[in-house]
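K.L.:
Following this message is one structure expressed as structure tokens.
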Amino acid sequence: MPSPQVFFPLFSSAGALAGSMADRGEQDWKPRANAAMDRFACGDQAAFGELYDLLAPRLHAFLCRRTRDDARAEDLLQQTFERMCAARAHFTAGAEVMPWAFAIARRLLIDAVRRGGRDCAAVSLGDPAEVIDDRPSGDCSPAAVLGSRRLLRRIEEALEQVSPNNREAFELVRLEGISPAEAAQMLGTTVGNVRLRVFRAVEALQERLGPEVQEELGELA
Amino acid sequence: MSTLPPDIKSRILLAAQATPSTTRPTSRAYTWLVAPASVIAAASLFFAFDGTEHRIGQASWYYVATTVGWSAVAVLSMWGALARGRSALGRPRALLLAITVATPAVLFAFMFGLALMRPEITLVHPEKLGKVCLPLTLAGAAFPLVALVLARRGSDPVHPVATGAALGAACGASSGVMVEMWCPVATARHIAFGHILPIILLTLLGAVLGARFIAMRPKTRQGP
């Protein structure tokens with residue numbers, strides 16, 4: 001089995017995709033996204049395309065994980081951008097756009113489930129092969145890929161066993177890179193409670209994944 | 001990680017172009033227009049109900065104290081309900097709920113304390129239940145509440161009910177300033193029924209309007 005470190009861009013504080021994009025020299029995407037949203041809120045239509053480029057992959061990944069359905073995730077992604085466009089006047093100048101965008105996506109997801117959709121609380125990391133494709137670098141030998149798939153399947157299964165509240169906090173803070181304070185606002189709870197949920201999720205993952213990945217997970221608690 | 005299909009960007013850009021929306025400067029201008037329009041509406045009500053003639057008999061300091069006290073609470077609660085802080089998600093739910101609960105509580109405590117300190121103000125006018133003050137407060141708050149809810153239409157993905165409730169309480173307190181300038185009765189029962197109860201009713205109305213209009217829902221029409 002390959003080293004677990006190979007897979008833990010997934011659990012990096014900036015999130016799976018952010019982790020891989022960071023390696024492509026795109027660490028400054030957050031200020032760029034905030035600036036683009038500011039310009040769009042003030043009437044610059046051209047900024048919307050840039051905003052899409054910076055946010056869409058992250059929102060899509062989030063929606064895919066929550067819905068396990070590409071078509072539905074695409075539909076919700078479109079609705080999210082439509083709502084962002086419609087509500088652009090209410091975007092606070094100088095604020096972070098990502099928590100706002102994720103809050104909108106989450107709201108639309110909840111509404112979709114209430115309208116009779118599938119259980120959105122279920123989490124999937126998607127096709128492990130695709131996740132592996134997003135790794136910034138590493139050993140791509142057949143044995144490594146096979147080991148990766150097994151480990152990712154275990155991570156996926158372990159995450160599914162974490163309670164929905166703890167898993168949601170873990171995803172927002174650890175996978176999407178949203179601050180605990182903003183995650184608390186999105187979830188309607190306190191910062192302390194969010195930290196506790198994340199800690200409990202990490203604890204549960206450590207317990208289920210065994211000693212080989214405990215050290216890595218321990219850094220996240 | 002799922003990859004985005006190549007055609008989705010153009011589809012979303014087209015959909016966004018077709019989505020009606022206003023810009024931040026336009027929205028701000030609209031919100032700022034609500035303030036003078038609300039003052040004019042409240043002043044019209046005030047003078048339609050005899051204005052300063054109605055309060056004859058009550059001590060002048062009482063009007064000054066109540067007007068200043070209610071104005072301070074109204075300004076604070078309106079600022080708390082309207083300003084969104086540094087986050088695009090608006091004020092935390094706990095703060096909005098604190099505004100919602102504290103506004104009527106502080107106002108009642110203030111009026112009750114005033115009557116306890118100077119009991120003579122309760123003797124100037126015979127006790128009335130407040131059947132005029134209650135609808136007058138509701139009428140004075142109706143315009144700003146509806147206008148502000150429309151200004152915030154489809155904008156809150158997180159806690160629209162709390163936002164609406166806080167706006168309701170703030171509009172009730174603002175309207176209460178006009179009613180306090182008009183009403184000479186200072187008894188606790190009158191204050192509770194005629195002045196505080198409408199704020200509570202407006203809070204509930206704000207919560208309902210928040211859930212219906214301020215909430216961010218798919219395919220809703222947007223306000224200014």
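Ordering of the structure tokens sets the chain letters (A, B, ...); residue numbers start at 1 within each chain; ligands are numbered from 1 in the order shown.
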With 10 Å as the limit and counting only C-alpha atoms, what residues in chain B lie close to chain A? Please list them as a ChimeraX atom specification.
P.N.:
/B:1-5,8-28,83-94,151-159,215-224
K.L.:
Could you list, as a list of chain:residue names, every residue within 9 Å of Gly57 in chain B, counting only C-alpha atoms and ignoring same-chain residues fewer than 4 positions away?
P.N.:
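Residues meeting the cut-off are B:Val124, B:His125, B:Pro184.
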K.L.:
Give me, as a VMD selection string, all polymer residues having an atom no more than 8 Å from Leu55 in chain A, counting only C-alpha atoms and skipping those fewer than 4 positions away in the same chain.
P.N.:
chain A and resid 33 51 59 98
K.L.:
Using only C-alpha atoms, which of the listed residues (B:Ala109, B:Leu148, B:Val132, B:Ala29) sits closest to Cys183 in chain B?
P.N.:
B:Val132
K.L.:
Glu180 in chain B: which residues within 8 Å, counting only C-alpha atoms, same-chain residues fewer than 5 positions away excluded, as number ranges by chain?
P.N.:
B: 63, 66-67, 70
K.L.:
Could you write out that same residue set with N, CA, C and O atoms as an mmCIF file, in the first residue's frame?
P.N.:
```cif
data_model
loop_
_atom_site.group_PDB
_atom_site.id
_atom_site.type_symbol
_atom_site.label_atom_id
_atom_site.label_comp_id
_atom_site.auth_asym_id
_atom_site.auth_seq_id
_atom_site.Cartn_x
_atom_site.Cartn_y
_atom_site.Cartn_z
ATOM 1 N N TYR B 63 -41.707 63.820 27.016
ATOM 2 C CA TYR B 63 -41.620 63.622 25.556
ATOM 3 C C TYR B 63 -40.173 63.607 25.083
ATOM 4 O O TYR B 63 -39.795 62.817 24.225
ATOM 5 N N THR B 66 -38.640 60.210 26.320
ATOM 6 C CA THR B 66 -39.109 59.029 25.575
ATOM 7 C C THR B 66 -38.664 59.088 24.112
ATOM 8 O O THR B 66 -38.288 58.058 23.533
ATOM 9 N N THR B 67 -38.688 60.295 23.533
ATOM 10 C CA THR B 67 -38.277 60.399 22.127
ATOM 11 C C THR B 67 -36.796 60.057 21.975
ATOM 12 O O THR B 67 -36.411 59.302 21.069
ATOM 13 N N TRP B 70 -36.343 56.151 22.818
ATOM 14 C CA TRP B 70 -36.832 55.276 21.742
ATOM 15 C C TRP B 70 -35.993 55.450 20.471
ATOM 16 O O TRP B 70 -35.738 54.478 19.753
#
```
K.L.:
Can you work out the spacing between CA of Leu197 in chain B and CA of Pro119 in chain B in Å, to one decimal?
P.N.:
22.3 Å
K.L.:
Can you work out the spacing between CA of Cys133 in chain B and CA of Ile56 in chain B in Å, to one decimal?
P.N.:
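Distance reported for this atom pair: 16.2 Å.
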K.L.:
What does the distance between CA of Leu97 in chain B and CA of Leu204 in chain B come to in Å, to one decimal place?
P.N.:
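Distance reported for this atom pair: 12.0 Å.
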K.L.:
Counting only C-alpha atoms, which residue out of B:Val179, B:Ala59, B:Val208, B:Ala105 sits closest to Val149 in chain B?
P.N.:
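Using only C-alpha atoms, Val149 in chain B sits closest to B:Val208.
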